[in-house]
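Shown next: target.cif, containing mmCIF, C-alpha atoms.
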data_target
loop_
_atom_site.group_PDB
_atom_site.id
_atom_site.type_symbol
_atom_site.label_atom_id
_atom_site.label_comp_id
_atom_site.auth_asym_id
_atom_site.auth_seq_id
_atom_site.Cartn_x
_atom_site.Cartn_y
_atom_site.Cartn_z
ATOM 1 C CA MET A 284 -72.678 -100.238 -185.916
ATOM 2 C CA ASN A 285 -75.349 -97.665 -185.160
ATOM 3 C CA SER A 286 -76.763 -95.458 -182.404
ATOM 4 C CA ILE A 287 -80.435 -95.434 -183.466
ATOM 5 C CA LYS A 288 -83.009 -96.986 -181.100
ATOM 6 C CA SER A 289 -80.546 -99.405 -179.588
ATOM 7 C CA ARG A 290 -82.169 -102.022 -177.373
ATOM 8 C CA LEU A 291 -79.180 -101.529 -175.065
ATOM 9 C CA LEU A 292 -80.020 -97.856 -174.395
ATOM 10 C CA VAL A 293 -82.587 -97.219 -171.639
ATOM 11 C CA GLN A 294 -84.247 -93.790 -171.500
ATOM 12 C CA PRO A 295 -85.373 -92.075 -168.272
ATOM 13 C CA ASP A 296 -89.047 -91.327 -167.628
ATOM 14 C CA PHE A 297 -89.419 -88.404 -165.226
ATOM 15 C CA SER A 298 -93.206 -88.654 -165.097
ATOM 16 C CA GLN A 299 -92.757 -90.857 -162.032
ATOM 17 C CA PRO A 300 -90.321 -90.902 -159.071
ATOM 18 C CA GLN A 301 -88.600 -94.096 -160.259
ATOM 19 C CA TYR A 302 -87.360 -92.682 -163.528
ATOM 20 C CA LEU A 303 -85.286 -95.676 -164.627
ATOM 21 C CA THR A 304 -86.068 -99.380 -164.332
ATOM 22 C CA VAL A 305 -84.157 -102.376 -165.654
ATOM 23 C CA THR A 306 -85.328 -105.907 -164.905
ATOM 24 C CA PRO A 307 -83.894 -109.221 -166.110
ATOM 25 C CA GLU A 308 -86.884 -109.445 -168.481
ATOM 26 C CA ILE A 309 -86.109 -106.025 -169.986
ATOM 27 C CA ALA A 310 -82.370 -106.672 -170.220
ATOM 28 C CA GLY A 311 -82.608 -110.275 -171.358
ATOM 29 C CA TRP A 312 -80.336 -111.553 -168.620
ATOM 30 C CA GLU A 313 -80.603 -113.572 -165.392
ATOM 31 C CA HIS A 314 -79.556 -111.737 -162.241
ATOM 32 C CA LEU A 315 -79.507 -107.942 -162.090
ATOM 33 C CA THR A 316 -82.335 -105.465 -161.479
ATOM 34 C CA PHE A 317 -81.650 -101.708 -161.420
ATOM 35 C CA GLY A 318 -83.574 -98.543 -160.698
ATOM 36 C CA ALA A 319 -83.057 -94.806 -160.191
ATOM 37 C CA VAL A 320 -85.366 -92.596 -158.131
ATOM 38 C CA GLN A 321 -85.832 -88.861 -157.523
ATOM 39 C CA LEU A 322 -87.810 -87.613 -154.515
ATOM 40 C CA GLU A 323 -88.766 -84.167 -153.224
ATOM 41 C CA ARG A 324 -88.392 -83.271 -149.536
ATOM 42 C CA GLU A 325 -90.545 -85.410 -147.197
ATOM 43 C CA LYS A 326 -91.449 -87.875 -149.985
ATOM 44 C CA GLU A 327 -90.839 -91.583 -149.360
ATOM 45 C CA TRP A 328 -89.930 -94.741 -151.272
ATOM 46 C CA SER A 329 -90.084 -98.270 -149.883
ATOM 47 C CA PHE A 330 -88.890 -101.719 -150.864
ATOM 48 C CA ASP A 331 -88.773 -105.277 -149.500
ATOM 49 C CA THR A 332 -85.620 -107.141 -150.519
ATOM 50 C CA SER A 333 -87.299 -110.575 -150.206
ATOM 51 C CA VAL A 334 -84.817 -113.149 -151.620
ATOM 52 C CA ASN A 335 -82.427 -110.484 -152.906
ATOM 53 C CA GLU A 336 -79.374 -108.596 -151.719
ATOM 54 C CA PHE A 337 -79.721 -104.875 -152.388
ATOM 55 C CA ALA A 338 -77.280 -101.992 -152.918
ATOM 56 C CA LEU A 339 -78.267 -98.311 -152.714
ATOM 57 C CA VAL A 340 -76.114 -95.408 -153.944
ATOM 58 C CA ILE A 341 -77.028 -91.830 -153.038
ATOM 59 C CA LEU A 342 -76.298 -89.790 -156.158
ATOM 60 C CA GLY A 343 -77.263 -86.442 -154.635
ATOM 61 C CA GLY A 344 -79.123 -85.161 -151.603
ATOM 62 C CA VAL A 345 -79.741 -86.390 -148.062
ATOM 63 C CA CYS A 346 -82.181 -89.000 -146.749
ATOM 64 C CA ASP A 347 -83.220 -91.002 -143.732
ATOM 65 C CA VAL A 348 -83.044 -94.745 -144.353
ATOM 66 C CA MET A 349 -85.080 -97.009 -142.073
ATOM 67 C CA THR A 350 -85.223 -100.811 -142.073
ATOM 68 C CA ASN A 351 -86.942 -103.396 -139.913
ATOM 69 C CA THR A 352 -83.812 -103.478 -137.704
ATOM 70 C CA GLU A 353 -81.809 -100.239 -138.174
ATOM 71 C CA THR A 354 -82.104 -96.517 -138.930
ATOM 72 C CA PHE A 355 -79.570 -94.325 -140.717
ATOM 73 C CA ARG A 356 -80.248 -90.611 -140.273
ATOM 74 C CA ARG A 357 -79.161 -87.975 -142.776
ATOM 75 C CA ALA A 358 -77.322 -90.325 -145.118
ATOM 76 C CA GLY A 359 -75.640 -88.572 -148.038
ATOM 77 C CA SER A 360 -73.358 -85.544 -148.238
ATOM 78 C CA ARG A 361 -73.056 -84.429 -151.861
ATOM 79 C CA CYS A 362 -75.448 -82.325 -153.936
ATOM 80 C CA ASP A 363 -74.764 -84.377 -157.069
ATOM 81 C CA VAL A 364 -72.216 -86.865 -158.365
ATOM 82 C CA PHE A 365 -69.780 -84.144 -159.457
ATOM 83 C CA HIS A 366 -69.469 -82.676 -155.954
ATOM 84 C CA GLY A 367 -68.058 -85.332 -153.668
ATOM 85 C CA LEU A 368 -67.717 -89.001 -152.870
ATOM 86 C CA PRO A 369 -70.740 -91.285 -152.540
ATOM 87 C CA THR A 370 -72.667 -92.700 -149.635
ATOM 88 C CA ALA A 371 -73.926 -96.235 -150.251
ATOM 89 C CA LEU A 372 -75.781 -98.898 -148.300
ATOM 90 C CA TYR A 373 -75.892 -102.673 -148.575
ATOM 91 C CA PHE A 374 -78.867 -104.748 -147.384
ATOM 92 C CA SER A 375 -79.298 -108.507 -147.307
ATOM 93 C CA ARG A 376 -82.362 -110.668 -147.846
ATOM 94 C CA ASN A 377 -85.689 -110.139 -146.059
ATOM 95 C CA THR A 378 -85.099 -106.483 -145.275
ATOM 96 C CA THR A 379 -87.805 -103.846 -145.500
ATOM 97 C CA ILE A 380 -86.431 -100.446 -146.507
ATOM 98 C CA LEU A 381 -88.036 -97.011 -146.213
ATOM 99 C CA ILE A 382 -86.229 -94.005 -147.701
ATOM 100 C CA LYS A 383 -87.371 -90.482 -146.843
ATOM 101 C CA ALA A 384 -85.928 -87.386 -148.528
ATOM 102 C CA VAL A 385 -84.767 -84.792 -145.989
ATOM 103 C CA SER A 386 -83.177 -82.445 -148.527
ATOM 104 C CA ASP A 387 -85.115 -80.433 -151.132
ATOM 105 C CA SER A 388 -84.286 -83.102 -153.708
ATOM 106 C CA LEU A 389 -82.925 -86.633 -153.478
ATOM 107 C CA ASP A 390 -81.489 -88.706 -156.314
ATOM 108 C CA PHE A 391 -80.500 -92.323 -155.704
ATOM 109 C CA ALA A 392 -79.926 -95.538 -157.618
ATOM 110 C CA PHE A 393 -80.176 -99.158 -156.578
ATOM 111 C CA GLY A 394 -79.380 -102.625 -157.819
ATOM 112 C CA TYR A 395 -80.322 -106.043 -156.550
ATOM 113 C CA ALA A 396 -79.927 -109.723 -157.339
ATOM 114 C CA LYS A 397 -81.013 -113.010 -155.805
ATOM 115 C CA ALA A 398 -78.720 -114.097 -152.959
ATOM 116 C CA LYS A 399 -77.939 -117.469 -151.390
ATOM 117 C CA GLU A 400 -76.686 -116.179 -148.027
ATOM 118 C CA ASP A 401 -77.297 -113.315 -145.612
ATOM 119 C CA HIS A 402 -74.666 -110.661 -144.911
ATOM 120 C CA PRO A 403 -74.621 -107.744 -142.460
ATOM 121 C CA THR A 404 -76.259 -104.454 -143.363
ATOM 122 C CA ARG A 405 -73.536 -101.960 -144.158
ATOM 123 C CA LEU A 406 -73.402 -98.171 -144.435
ATOM 124 C CA ILE A 407 -70.543 -97.117 -146.733
ATOM 125 C CA LYS A 408 -69.632 -93.519 -145.930
ATOM 126 C CA PRO A 409 -67.546 -91.243 -148.195
ATOM 127 C CA GLU A 410 -64.494 -91.864 -145.997
ATOM 128 C CA ASP A 411 -64.930 -95.626 -146.566
ATOM 129 C CA VAL A 412 -64.772 -95.298 -150.367
ATOM 130 C CA SER A 413 -61.523 -96.386 -151.994
ATOM 131 C CA ILE A 414 -60.346 -94.262 -154.949
ATOM 132 C CA GLU A 415 -58.278 -95.681 -157.801
ATOM 133 C CA LEU A 416 -56.820 -93.633 -160.661
ATOM 134 C CA ARG A 417 -56.697 -96.115 -163.510
ATOM 135 C CA GLY A 418 -55.231 -96.086 -167.018
ATOM 136 C CA GLY A 419 -52.924 -93.443 -168.422
ATOM 137 C CA GLU A 420 -52.659 -90.408 -170.686
ATOM 138 C CA ASN A 421 -56.079 -89.688 -172.236
ATOM 139 C CA ALA A 422 -57.360 -93.083 -171.102
ATOM 140 C CA SER A 423 -57.113 -92.032 -167.438
ATOM 141 C CA ARG A 424 -60.178 -92.178 -165.208
ATOM 142 C CA GLN A 425 -61.202 -92.232 -161.541
ATOM 143 C CA ILE A 426 -62.800 -95.297 -159.953
ATOM 144 C CA ASN A 427 -64.698 -94.940 -156.658
ATOM 145 C CA LYS A 428 -65.171 -98.359 -155.055
ATOM 146 C CA MET A 429 -68.182 -98.776 -152.769
ATOM 147 C CA ILE A 430 -68.866 -102.527 -153.027
ATOM 148 C CA PRO A 431 -65.699 -103.902 -154.639
ATOM 149 C CA PRO A 432 -64.642 -107.524 -155.093
ATOM 150 C CA GLY A 433 -64.073 -108.988 -151.646
ATOM 151 C CA PHE A 434 -66.938 -107.067 -150.034
ATOM 152 C CA PRO A 435 -69.026 -109.404 -147.821
ATOM 153 C CA CYS A 436 -71.943 -110.106 -150.141
ATOM 154 C CA ASP A 437 -73.050 -112.745 -152.653
ATOM 155 C CA ARG A 438 -72.937 -111.272 -156.162
ATOM 156 C CA LEU A 439 -73.108 -107.502 -156.295
ATOM 157 C CA VAL A 440 -70.233 -105.236 -157.302
ATOM 158 C CA VAL A 441 -70.769 -101.449 -157.231
ATOM 159 C CA VAL A 442 -68.331 -98.757 -158.390
ATOM 160 C CA GLU A 443 -68.615 -95.338 -160.004
ATOM 161 C CA VAL A 444 -66.320 -94.035 -162.729
ATOM 162 C CA TYR A 445 -65.372 -90.467 -163.692
ATOM 163 C CA THR A 446 -63.982 -89.844 -167.170
ATOM 164 C CA PRO A 447 -62.557 -86.359 -167.824
ATOM 165 C CA SER A 448 -63.409 -84.369 -170.935
ATOM 166 C CA GLY A 449 -62.070 -86.039 -174.077
ATOM 167 C CA ASN A 450 -60.797 -89.149 -172.291
ATOM 168 C CA TRP A 451 -61.454 -92.826 -172.894
ATOM 169 C CA SER A 452 -62.728 -95.160 -170.184
ATOM 170 C CA SER A 453 -63.195 -98.922 -169.801
ATOM 171 C CA TYR A 454 -60.163 -98.938 -172.101
ATOM 172 C CA PRO A 455 -58.564 -100.963 -173.536
ATOM 173 C CA PRO A 456 -61.871 -102.688 -174.283
ATOM 174 C CA HIS A 457 -62.508 -105.610 -171.941
ATOM 175 C CA LYS A 458 -65.199 -108.231 -171.495
ATOM 176 C CA HIS A 459 -66.561 -110.428 -168.709
ATOM 177 C CA ASP A 460 -69.123 -112.710 -170.332
ATOM 178 C CA ASN A 461 -67.578 -116.152 -169.895
ATOM 179 C CA ARG A 462 -66.443 -117.771 -166.643
ATOM 180 C CA ILE A 463 -62.856 -118.938 -167.222
ATOM 181 C CA LEU A 464 -60.593 -120.650 -164.690
ATOM 182 C CA GLY A 465 -56.805 -120.912 -164.893
ATOM 183 C CA LYS A 466 -54.774 -124.086 -164.581
ATOM 184 C CA LYS A 467 -54.611 -123.679 -160.805
ATOM 185 C CA GLY A 468 -58.320 -122.923 -160.486
ATOM 186 C CA GLU A 469 -57.881 -119.151 -160.301
ATOM 187 C CA LEU A 470 -60.641 -117.021 -161.793
ATOM 188 C CA LEU A 471 -59.426 -115.410 -165.027
ATOM 189 C CA GLU A 472 -62.770 -114.061 -166.235
ATOM 190 C CA ALA A 473 -66.209 -113.891 -164.619
ATOM 191 C CA ASP A 474 -69.580 -114.015 -166.368
ATOM 192 C CA LEU A 475 -71.166 -110.691 -165.355
ATOM 193 C CA GLU A 476 -74.189 -108.569 -166.237
ATOM 194 C CA GLU A 477 -73.472 -104.835 -166.024
ATOM 195 C CA ILE A 478 -75.238 -101.507 -166.241
ATOM 196 C CA TYR A 479 -73.685 -98.166 -167.127
ATOM 197 C CA PHE A 480 -75.830 -95.371 -165.682
ATOM 198 C CA TYR A 481 -74.647 -91.969 -166.922
ATOM 199 C CA LYS A 482 -74.502 -88.444 -165.578
ATOM 200 C CA ILE A 483 -72.848 -85.651 -167.590
ATOM 201 C CA ASN A 484 -71.593 -82.490 -165.873
ATOM 202 C CA LYS A 485 -73.415 -80.173 -168.316
ATOM 203 C CA PRO A 486 -76.914 -80.882 -169.686
ATOM 204 C CA GLU A 487 -75.933 -80.754 -173.364
ATOM 205 C CA GLY A 488 -72.957 -83.097 -172.874
ATOM 206 C CA PHE A 489 -72.701 -86.642 -174.168
ATOM 207 C CA ALA A 490 -70.545 -89.737 -174.369
ATOM 208 C CA TYR A 491 -70.264 -92.679 -176.732
ATOM 209 C CA GLN A 492 -70.160 -96.327 -175.740
ATOM 210 C CA ARG A 493 -69.410 -99.204 -178.059
ATOM 211 C CA ILE A 494 -70.664 -102.722 -177.228
ATOM 212 C CA TYR A 495 -69.271 -105.526 -179.408
ATOM 213 C CA ASN A 496 -68.270 -109.189 -179.261
ATOM 214 C CA ASP A 497 -65.570 -111.155 -181.039
ATOM 215 C CA GLU A 498 -67.977 -112.544 -183.628
ATOM 216 C CA ARG A 499 -69.519 -109.075 -184.292
ATOM 217 C CA THR A 500 -72.979 -110.562 -183.905
ATOM 218 C CA LEU A 501 -73.237 -107.679 -181.444
ATOM 219 C CA ASP A 502 -71.606 -104.419 -182.521
ATOM 220 C CA GLU A 503 -73.289 -101.153 -181.547
ATOM 221 C CA LEU A 504 -72.090 -97.578 -181.095
ATOM 222 C CA ILE A 505 -74.426 -95.817 -178.660
ATOM 223 C CA LEU A 506 -74.797 -92.063 -178.109
ATOM 224 C CA VAL A 507 -75.449 -91.502 -174.389
ATOM 225 C CA SER A 508 -76.793 -88.386 -172.649
ATOM 226 C CA ASN A 509 -77.413 -87.388 -169.036
ATOM 227 C CA ASN A 510 -79.549 -89.845 -167.001
ATOM 228 C CA GLN A 511 -79.499 -92.514 -169.695
ATOM 229 C CA LEU A 512 -78.394 -96.099 -169.133
ATOM 230 C CA VAL A 513 -76.557 -98.615 -171.284
ATOM 231 C CA LEU A 514 -76.912 -102.365 -170.808
ATOM 232 C CA SER A 515 -73.762 -104.451 -171.163
ATOM 233 C CA PRO A 516 -74.966 -108.065 -171.396
ATOM 234 C CA GLU A 517 -71.853 -109.380 -173.164
ATOM 235 C CA GLY A 518 -68.803 -108.353 -175.140
ATOM 236 C CA TYR A 519 -66.372 -105.452 -174.910
ATOM 237 C CA HIS A 520 -67.691 -102.046 -173.823
ATOM 238 C CA PRO A 521 -65.335 -99.030 -174.086
ATOM 239 C CA VAL A 522 -66.483 -95.424 -173.449
ATOM 240 C CA VAL A 523 -65.325 -91.976 -174.568
ATOM 241 C CA SER A 524 -66.396 -88.592 -173.151
ATOM 242 C CA ALA A 525 -67.103 -85.713 -175.520
ATOM 243 C CA PHE A 526 -64.479 -82.959 -175.362
ATOM 244 C CA GLY A 527 -65.548 -80.249 -172.920
ATOM 245 C CA TYR A 528 -67.705 -82.579 -170.807
ATOM 246 C CA ASP A 529 -66.839 -84.807 -167.866
ATOM 247 C CA SER A 530 -68.862 -87.990 -167.679
ATOM 248 C CA TYR A 531 -69.861 -90.160 -164.750
ATOM 249 C CA TYR A 532 -71.238 -93.641 -164.837
ATOM 250 C CA LEU A 533 -72.422 -95.906 -162.073
ATOM 251 C CA ASN A 534 -71.538 -99.552 -162.631
ATOM 252 C CA ILE A 535 -73.563 -102.222 -160.882
ATOM 253 C CA LEU A 536 -72.705 -105.809 -161.764
ATOM 254 C CA ALA A 537 -73.953 -109.262 -160.833
ATOM 255 C CA GLY A 538 -73.233 -112.709 -162.177
ATOM 256 C CA SER A 539 -71.227 -115.858 -161.649
ATOM 257 C CA ASP A 540 -68.820 -114.400 -159.084
ATOM 258 C CA GLN A 541 -68.422 -111.382 -156.798
ATOM 259 C CA SER A 542 -65.532 -110.284 -158.984
ATOM 260 C CA LEU A 543 -64.403 -107.958 -161.762
ATOM 261 C CA ALA A 544 -62.186 -110.521 -163.486
ATOM 262 C CA SER A 545 -62.110 -109.630 -167.184
ATOM 263 C CA THR A 546 -60.289 -110.187 -170.463
ATOM 264 C CA ASP A 547 -58.938 -107.374 -172.646
ATOM 265 C CA ASP A 548 -59.566 -107.329 -176.386
ATOM 266 C CA PRO A 549 -56.155 -108.589 -177.595
ATOM 267 C CA ALA A 550 -56.293 -106.207 -180.549
ATOM 268 C CA TYR A 551 -56.007 -103.227 -178.177
ATOM 269 C CA SER A 552 -54.249 -104.471 -175.039
ATOM 270 C CA TRP A 553 -50.890 -103.180 -176.335
ATOM 271 C CA VAL A 554 -51.885 -99.593 -175.516
ATOM 272 C CA LYS A 555 -51.248 -100.218 -171.809
ATOM 273 C CA GLN A 556 -47.522 -100.336 -172.555
ATOM 274 C CA THR A 557 -47.602 -96.766 -173.877
ATOM 275 C CA TRP A 558 -48.998 -95.157 -170.724
ATOM 276 C CA LYS A 559 -46.516 -93.096 -168.735
ATOM 277 C CA THR A 560 -48.596 -90.610 -166.720
ATOM 278 C CA ILE A 561 -52.063 -90.201 -165.217
ATOM 279 C CA ASP A 562 -54.156 -87.258 -166.428
ATOM 280 C CA PRO A 563 -53.324 -84.407 -163.977
ATOM 281 C CA ARG A 564 -57.005 -83.393 -163.853
ATOM 282 C CA LEU A 565 -57.674 -86.451 -161.719
ATOM 283 C CA PRO A 566 -59.186 -86.994 -159.250
ATOM 284 C CA LEU A 567 -62.293 -85.119 -160.387
ATOM 285 C CA VAL A 568 -64.059 -85.572 -157.036
ATOM 286 C CA THR A 569 -62.610 -85.840 -153.544
ATOM 287 C CA ILE A 570 -63.827 -86.160 -149.966
ATOM 288 C CA GLU A 571 -62.827 -82.538 -149.371
ATOM 289 C CA MET A 572 -65.793 -81.561 -151.538
ATOM 290 C CA ASN A 573 -68.121 -83.404 -149.129
ATOM 291 C CA ARG A 574 -66.542 -81.703 -146.126
ATOM 292 C CA ARG A 575 -66.846 -78.258 -147.669
ATOM 293 C CA GLY A 576 -70.447 -78.916 -148.650
ATOM 294 C CA GLU A 577 -69.762 -78.114 -152.298
#

As C-alpha cells, please, write out the structure in this file.
Amino acid sequence: MNSIKSRLLVQPDFSQPQYLTVTPEIAGWEHLTFGAVQLEREKEWSFDTSVNEFALVILGGVCDVMTNTETFRRAGSRCDVFHGLPTALYFSRNTTILIKAVSDSLDFAFGYAKAKEDHPTRLIKPEDVSIELRGGENASRQINKMIPPGFPCDRLVVVEVYTPSGNWSSYPPHKHDNRILGKKGELLEADLEEIYFYKINKPEGFAYQRIYNDERTLDELILVSNNQLVLSPEGYHPVVSAFGYDSYYLNILAGSDQSLASTDDPAYSWVKQTWKTIDPRLPLVTIEMNRRGE
C-alpha cells in the first residue's frame, strides 16, 4: 500500500475553468466521464450531451441554466457544500446546455455516460433531496440523494456524502465490481464505476481512502486533499476523515445497472452489529442553511 503518485488520484488544475476532468480513457473504464468547473460572474460554459445522459451538481453559487428546450433561472442556493443541500439537474441525450454564473463565483460538477433511452429533464431542488444518516458510532455519515436508484434515467447514480471529523465512511468496506444475480433473479451486486470528488471544510484538512480487491492485486492507501478526486474502478473503498476536519465527497456512478447494489468485505461486515447510535453531530448540512442563506 502507498499514497505516492497513485494513478487513482486526480489532481485539480485551476489554470482553466474546468479544473478536473476524468474520461474513460484516463480512468481505464467504459462508461463514466466527470468534470468540475469554476466560473466568475457572467462567465459561461456550454456542452452538448449528444448520445449521453448528463447530471449536473451545483457545489456552490448560483447560475442560469439554458437548454434547447428549457431555462432554469437562478439555480443553486448554497455558497459551498458545507452550507446547505444541493441543487442538481438531469439532462437526457441530444440536449445543448449553457450555464452562466450569476453569483460572484460558481462551482459545479458533472458526470455523464452513454444512454440507450431518453428521459425527462429534471431540476432537483434542495427540498427534493432525500437525506439518509447511515452507519453508527464513529462510522456515521450523511448521504444526500439527488439521483438515487430508481430515478428515471439509464445508468447514472449521484449522491453526496458528509463524514464528520474523525469518522469512517463507506464502511464497512464494500465493492460493486461484479454483476451478481440471486436465485430469483434479484440484483445482489452491480458492476459500477465510481468517482469520489472531495471537499474538506478547512484548506489544510485531509482524508484517507483505501482501494483494494480480494486478491490484493490492487491495494492502495491514498491521501486526499480539498478538490482532489479518487477513482474507484474496482474493489473495496473505505474512507476516513482526519480528526478536526469534516469531509465531503460527491459520488457519481455508472455501470451495469442504475443501482447501488454492493457486497461488504466479509472480514469487516461484523462491525454493523456493534452500532447502537448515530453520531449526534449529524446531519452536518440541512435545508435550513439554504433558507437562511448561510

Subject >> Result set, the PyMOL selection byres ((chain A and resi 560) around 10) on current file, as a ChimeraX atom specification >> reply: /A:418-421,423,557-559,561-563

Tell me, counting only C-alpha atoms, for each residue of region 475-545 of chain A within 7 Å of region 306-327 of chain A, which pair of atoms is nearest and how far apart they are in Å to one decimal, in rows ordered by chain and increasing number, as JSON lines.
{"residue": "A:Glu476", "atom": "CA", "partner": "A:Leu315", "partner_atom": "CA", "distance": 6.8}
{"residue": "A:Leu514", "atom": "CA", "partner": "A:Ala310", "partner_atom": "CA", "distance": 7.0}
{"residue": "A:Pro516", "atom": "CA", "partner": "A:Trp312", "partner_atom": "CA", "distance": 7.0}
{"residue": "A:Ala537", "atom": "CA", "partner": "A:Leu315", "partner_atom": "CA", "distance": 5.8}
{"residue": "A:Gly538", "atom": "CA", "partner": "A:His314", "partner_atom": "CA", "distance": 6.4}

Only C-alpha atoms, please: the residues just picked out, written as a PDB file, in the frame of the given file.
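Dumped everything to again.pdb:
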ATOM      1  CA  GLU A 476     -74.189-108.569-166.237  1.00  0.00           C
ATOM      2  CA  LEU A 514     -76.912-102.365-170.808  1.00  0.00           C
ATOM      3  CA  PRO A 516     -74.966-108.065-171.396  1.00  0.00           C
ATOM      4  CA  ALA A 537     -73.953-109.262-160.833  1.00  0.00           C
ATOM      5  CA  GLY A 538     -73.233-112.709-162.177  1.00  0.00           C
TER       6      GLY A 538
END

What residues come out when you apply the PyMOL selection byres ((chain A and resi 471) around 9) to this file, written as a short mmCIF file (atom, residue, chain, number, x, y, z; two decimals) with C-alpha atoms, keeping the file's coordinate frame?
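Listed below is the output, result_33.cif:
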data_model
loop_
_atom_site.label_atom_id
_atom_site.label_comp_id
_atom_site.auth_asym_id
_atom_site.auth_seq_id
_atom_site.Cartn_x
_atom_site.Cartn_y
_atom_site.Cartn_z
CA ARG A 462 -66.44 -117.77 -166.64
CA ILE A 463 -62.86 -118.94 -167.22
CA LEU A 464 -60.59 -120.65 -164.69
CA GLY A 465 -56.80 -120.91 -164.89
CA GLY A 468 -58.32 -122.92 -160.49
CA GLU A 469 -57.88 -119.15 -160.30
CA LEU A 470 -60.64 -117.02 -161.79
CA GLU A 472 -62.77 -114.06 -166.24
CA ALA A 473 -66.21 -113.89 -164.62
CA ALA A 544 -62.19 -110.52 -163.49
CA SER A 545 -62.11 -109.63 -167.18
CA THR A 546 -60.29 -110.19 -170.46
#

**OP:** Translate the PyMOL selection byres ((chain A and resi 339) around 6), as applied to the file shown, into an explicit residue set as a PyMOL selection string.
**Re:** chain A and resi 338+340+371-372+392-393

**OP:** Would you mind reading off the distance between CA of Leu381 (chain A) and CA of Lys397 (chain A), one decimal, in Å?
**Re:**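 One can read the CA of Leu381 (chain A) to CA of Lys397 (chain A) distance as 19.9 Å.
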
Original post:
For Leu368 (chain A), which of A:Val334, A:Ile407, A:Val523, A:Leu416 is the closest residue, counting all atoms listed in the file?
Top reply: A:Ile407

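You will find CA of Val441 (chain A) at 6.6 Å from CA of Leu536 (chain A).
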
**OP:** Go through A:Thr350, A:Asn509, A:Asn427, A:Ser413 and flag the residue nearest Trp328 (chain A), using only C-alpha atoms for the distances.
**Re:**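 Looking only at the distances to Trp328 (chain A), the closest residue turns out to be A:Thr350.
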
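You will find CA of Val554 (chain A) at 18.3 Å from CA of Gln425 (chain A).
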
**OP:** Would you mind listing what lies within 12 Å of Tyr519 (chain A) as a PyMOL selection string, with all atoms listed in the file counted and same-chain residues fewer than 4 positions away left out?
**Re:** chain A and resi 452-461+475+477+492-499+501-504+514-515+545-551

Original post:
Pick from A:Ile380, A:His366, A:Lys288, A:Lys408: nearest to Asp347 (chain A), with all atoms listed in the file counted?
Top reply: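 Under the stated criterion, the closest residue is A:Ile380.
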
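Checking A:Pro566, A:Gly359, A:Gly449, A:Gly527 one by one against Ala384 (chain A), counting all atoms listed in the file, you find the shortest gap at A:Gly359.
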
**OP:** Identify which of the residues A:Asn335, A:Asn377, A:Asn573, A:Ile478 lies closest to Cys362 (chain A), counting all atoms listed in the file when measuring atom-to-atom distances.
**Re:**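 When distances to Cys362 (chain A) are compared using all atoms listed in the file, the smallest one comes from A:Asn573.
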
Original post:
Of the candidates A:Ser542, A:Tyr373, A:Leu406, A:Ser508, which shows the shortest atom-to-atom distance to Leu292 (chain A), using all atoms listed in the file?
Top reply: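 Nearest to Leu292 (chain A): A:Ser508.
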
Original post:
Once you count only C-alpha atoms, which residues end up no further than 10 Å from (-87.1, -109.1, -143.8) in the file's frame, shown as a list in words?
Top reply: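 The residues near that point, listed by chain and number, are Asp331, Thr332, Ser333, Val334, Thr350, Asn351, Thr352, Phe374, Ser375, Arg376, Asn377, Thr378, Thr379 and Ile380 of chain A.
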
Using the incomplete input, complete region 454-466 of chain A to the level of N, CA and C atoms; output as a compact mmCIF listing (two decimals), keeping the file's coordinate frame.
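After the write, result31.txt holds the following:
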# COMPACT_ATOMS: atom_id res chain seq x y z
N TYR A 454 -61.06 -98.81 -170.95
CA TYR A 454 -60.16 -98.94 -172.10
C TYR A 454 -58.79 -99.38 -171.62
N PRO A 455 -58.12 -100.34 -172.29
CA PRO A 455 -58.56 -100.96 -173.54
C PRO A 455 -59.86 -101.75 -173.34
N PRO A 456 -60.61 -101.97 -174.41
CA PRO A 456 -61.87 -102.69 -174.28
C PRO A 456 -61.67 -104.03 -173.59
N HIS A 457 -62.59 -104.34 -172.66
CA HIS A 457 -62.51 -105.61 -171.94
C HIS A 457 -63.90 -106.24 -171.90
N LYS A 458 -63.92 -107.52 -171.59
CA LYS A 458 -65.20 -108.23 -171.50
C LYS A 458 -65.19 -109.12 -170.26
N HIS A 459 -66.39 -109.45 -169.80
CA HIS A 459 -66.56 -110.43 -168.71
C HIS A 459 -67.88 -111.14 -168.95
N ASP A 460 -67.89 -112.01 -169.95
CA ASP A 460 -69.12 -112.71 -170.33
C ASP A 460 -68.96 -114.23 -170.37
N ASN A 461 -67.84 -114.71 -169.86
CA ASN A 461 -67.58 -116.15 -169.90
C ASN A 461 -66.73 -116.51 -168.68
N ARG A 462 -67.20 -117.40 -167.85
CA ARG A 462 -66.44 -117.77 -166.64
C ARG A 462 -65.29 -118.68 -167.05
N ILE A 463 -64.06 -118.21 -166.82
CA ILE A 463 -62.86 -118.94 -167.22
C ILE A 463 -61.95 -119.11 -166.01
N LEU A 464 -61.52 -120.34 -165.78
CA LEU A 464 -60.59 -120.65 -164.69
C LEU A 464 -59.22 -120.97 -165.25
N GLY A 465 -58.16 -120.59 -164.52
CA GLY A 465 -56.80 -120.91 -164.89
C GLY A 465 -56.44 -122.34 -164.52
N LYS A 466 -55.22 -122.72 -164.82
CA LYS A 466 -54.77 -124.09 -164.58
C LYS A 466 -54.78 -124.44 -163.10
